[in-house]
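S.K.: To start, I am sharing the structure in question, which I have written as structure tokens.
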Amino acid sequence: MTKVYDCQPTLTDSQVFSFCRDGYLMLEGVVPNEINQKTNEFIEQNGHRPLLEEDWFIEQIFLNSEVVGVIRSLLGANFALPIKLPNHRAKCPLPSQSWHRDGGSRYGCELNHLQVFYYPQDTPAELGPTEVLPGSHFLFSLGSWMGHYEAIRGSVLTSAPAGSIYITAYSIWHRRGVSTATGIRNMLKYIYWRTTPPEHDWIKEPDFNHRPPANFTMPSVQQQHRNWYDAAEMYYWLCGSKEKLEAMVGDKEWPPGYPVPHWTPENYHNF
Ligand SMILES: [Fe+2]
């Protein structure tokens, strides 16, 4: 049975917008060390699957106080708690994985799921942390093509201390980084999802400016303008008011600065 949870949202307008732009957000060292150790020991003794039934794990990881406010901001009230828990256990050293997005990814402004990763141990570059490509959650590519890319400019290595949790849009491009150290790297992955319609109920900033600032940093993989429109479209979808995007941002004005065609089959001969 699906279990849902509710709490106060903790992200501001700017932070929600940044998530829309980047497609990921890192929370470093939010799980206490004794819980990280307990998780590692539990996995060694019992495997990772029974963790789904452990109250202490649900309380400290799925319902971690630093995490739930972020999930609540992005997925709305009464979001659903994870029901699966794969462990991406790596016996290092290993070469990097191929770039990919996970199966069934969709591309667009709707944010109905969040894919979350938990490192129960220190995960420096030597242990092959996940590499993500900011902004790529909007970018379609055939999996068979993506797998041929090697280093991509603008990618980010999620090296982080034990107890770090990072939150991603499901369709973000990612891969396990190359590892050079010898040892085991555990990394647990799980998904929360939305059960209520999107609504602008996170922390409002009265002076939040939805227009791109002059110093808006573009994810390197996207084309000029398109990246910001995509982020704005997701932001307004999350606000539950996509029509505002048209009114305030003019997303139908395309190419930017040109009039919006407004012909219909009935009136076209009048122009
Ligand atoms: Fe993956």
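Lettering and numbering for the structure tokens are positional, with chains as A, B, ... in the shown order, residues counted from 1 in each chain, and ligands counted from 1 in the shown order.
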Tell me, as a PyMOL selection string, which residues lie within 10 Å of Ser144 in chain A, counting only C-alpha atoms; anything in the same chain fewer than 6 positions away does not count.

M.R.: chain A and resi 98-100

S.K.: Once you count only C-alpha atoms and all ligand atoms, which residues end up within 7 Å of ligand 1, and could you hand them over as a list in words?

M.R.: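 If we count only C-alpha atoms and all ligand atoms, the neighbours of ligand 1 turn out to be His100, Arg101, Asp102, His174 and Arg175 of chain A.
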
S.K.: Can you work out which one of A:Thr10, A:Thr2, A:Asn209, A:Ser171 has the shortest atom-to-atom distance to Glu110 in chain A, counting only C-alpha atoms?

M.R.: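 Looking at the shortest contact to Glu110 in chain A, the residue is A:Ser171.
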
S.K.: What are the closest atom pairs, with distances in Å to one decimal, for all residues of range 125-242 of chain A lying within 10 Å of range 66-72 of chain A? Consider only C-alpha atoms, order rows by chain and residue number, and present the result as a Markdown table.

M.R.:
| residue | atom | partner | partner_atom | distance |
| --- | --- | --- | --- | --- |
| A:Ile165 | CA | A:Val67 | CA | 7.9 |
| A:Tyr166 | CA | A:Val67 | CA | 8.9 |
| A:Ile167 | CA | A:Ile71 | CA | 8.5 |
| A:Tyr192 | CA | A:Ile71 | CA | 7.8 |
| A:Trp193 | CA | A:Ile71 | CA | 8.9 |
| A:Arg194 | CA | A:Arg72 | CA | 9.1 |
| A:Asp201 | CA | A:Arg72 | CA | 9.4 |
| A:Trp202 | CA | A:Arg72 | CA | 8.1 |

S.K.: Return the single residue from A:Ser18, A:Thr264, A:Thr196, A:Ser73 that is closest to Gly135 in chain A, with distances computed using only C-alpha atoms.

M.R.: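 Using only C-alpha atoms, Gly135 in chain A sits closest to A:Ser18.
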
S.K.: With only C-alpha atoms as the counted atoms, please give the residues lying no more than 10 Å from Asn33 in chain A, apart from itself and same-chain residues fewer than 6 positions off, as a ChimeraX atom specification.

M.R.: /A:39,120-121,162-163

S.K.: Closest to Gly183 in chain A among A:Gly128, A:Ser14, A:Tyr229, A:Trp56, using only C-alpha atoms?

M.R.: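 Closest residue, counting only C-alpha atoms: A:Gly128.
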
S.K.: Just the residues within 12 Å of Trp237 in chain A, please, counting only C-alpha atoms, with nothing from its chain fewer than 6 positions along; format it as a VMD selection string.

M.R.: chain A and resid 16 to 17 20 74 to 75 108 to 112 197 to 200 229 to 231 243 to 246

S.K.: Any idea what the distance is between CA of Ser179 in chain A and CA of Lys91 in chain A?

M.R.: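 Answer for the CA of Ser179 in chain A to CA of Lys91 in chain A separation: 9.3 Å.
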
S.K.: Show which residues sit within 9 Å of Glu126 in chain A, as a ChimeraX atom specification. Count only C-alpha atoms, and ignore same-chain residues fewer than 2 positions away.

M.R.: /A:92-93,123-124,128-129,159,177-182

S.K.: Write out as a ChimeraX atom specification the residues lying within 8 Å of Lys204 in chain A, counting only C-alpha atoms and excluding same-chain residues fewer than 3 positions away.

M.R.: /A:12-13,201,208

S.K.: Quick one: pull the distance between CA of Pro82 in chain A and CA of Gly104 in chain A, Å, one decimal.

M.R.: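 Answer for the CA of Pro82 in chain A to CA of Gly104 in chain A separation: 17.5 Å.
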
S.K.: Record the distance separating CA of Leu142 in chain A and CA of Tyr170 in chain A, expressed in Å with one decimal.

M.R.: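 These atoms are spaced 15.9 Å apart.
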
S.K.: A:Asp22, A:Glu266, A:Asp6, A:Glu150: which is nearest His137 in chain A, counting only C-alpha atoms?

M.R.: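 Between A:Asp22, A:Glu266, A:Asp6, A:Glu150, the residue approaching His137 in chain A most closely is A:Asp22.
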
S.K.: For Met1 in chain A, which residue among A:Leu81, A:Leu133, A:Leu127, A:Ile203 is the nearest when counting only C-alpha atoms?

M.R.: A:Leu81

S.K.: Among range 17-87 of chain A, which residues does DSSP mark as strand (DSSP E) when it is run on the backbone? Keep the chain and numbering as in the structure and answer as a PyMOL selection string.

M.R.: chain A and resi 24-27+79-80

S.K.: Just write the chosen residues, C-alpha atoms, as a PDB file, in the first residue's frame.

M.R.:
ATOM      1  CA  TYR A  24      19.435  17.896  -9.369  1.00  0.00           C
ATOM      2  CA  LEU A  25      20.179  19.112  -5.848  1.00  0.00           C
ATOM      3  CA  MET A  26      22.808  17.815  -3.388  1.00  0.00           C
ATOM      4  CA  LEU A  27      22.274  17.680   0.386  1.00  0.00           C
ATOM      5  CA  PHE A  79       3.855  12.829  -1.535  1.00  0.00           C
ATOM      6  CA  ALA A  80       4.272   9.047  -1.766  1.00  0.00           C
TER       7      ALA A  80
END
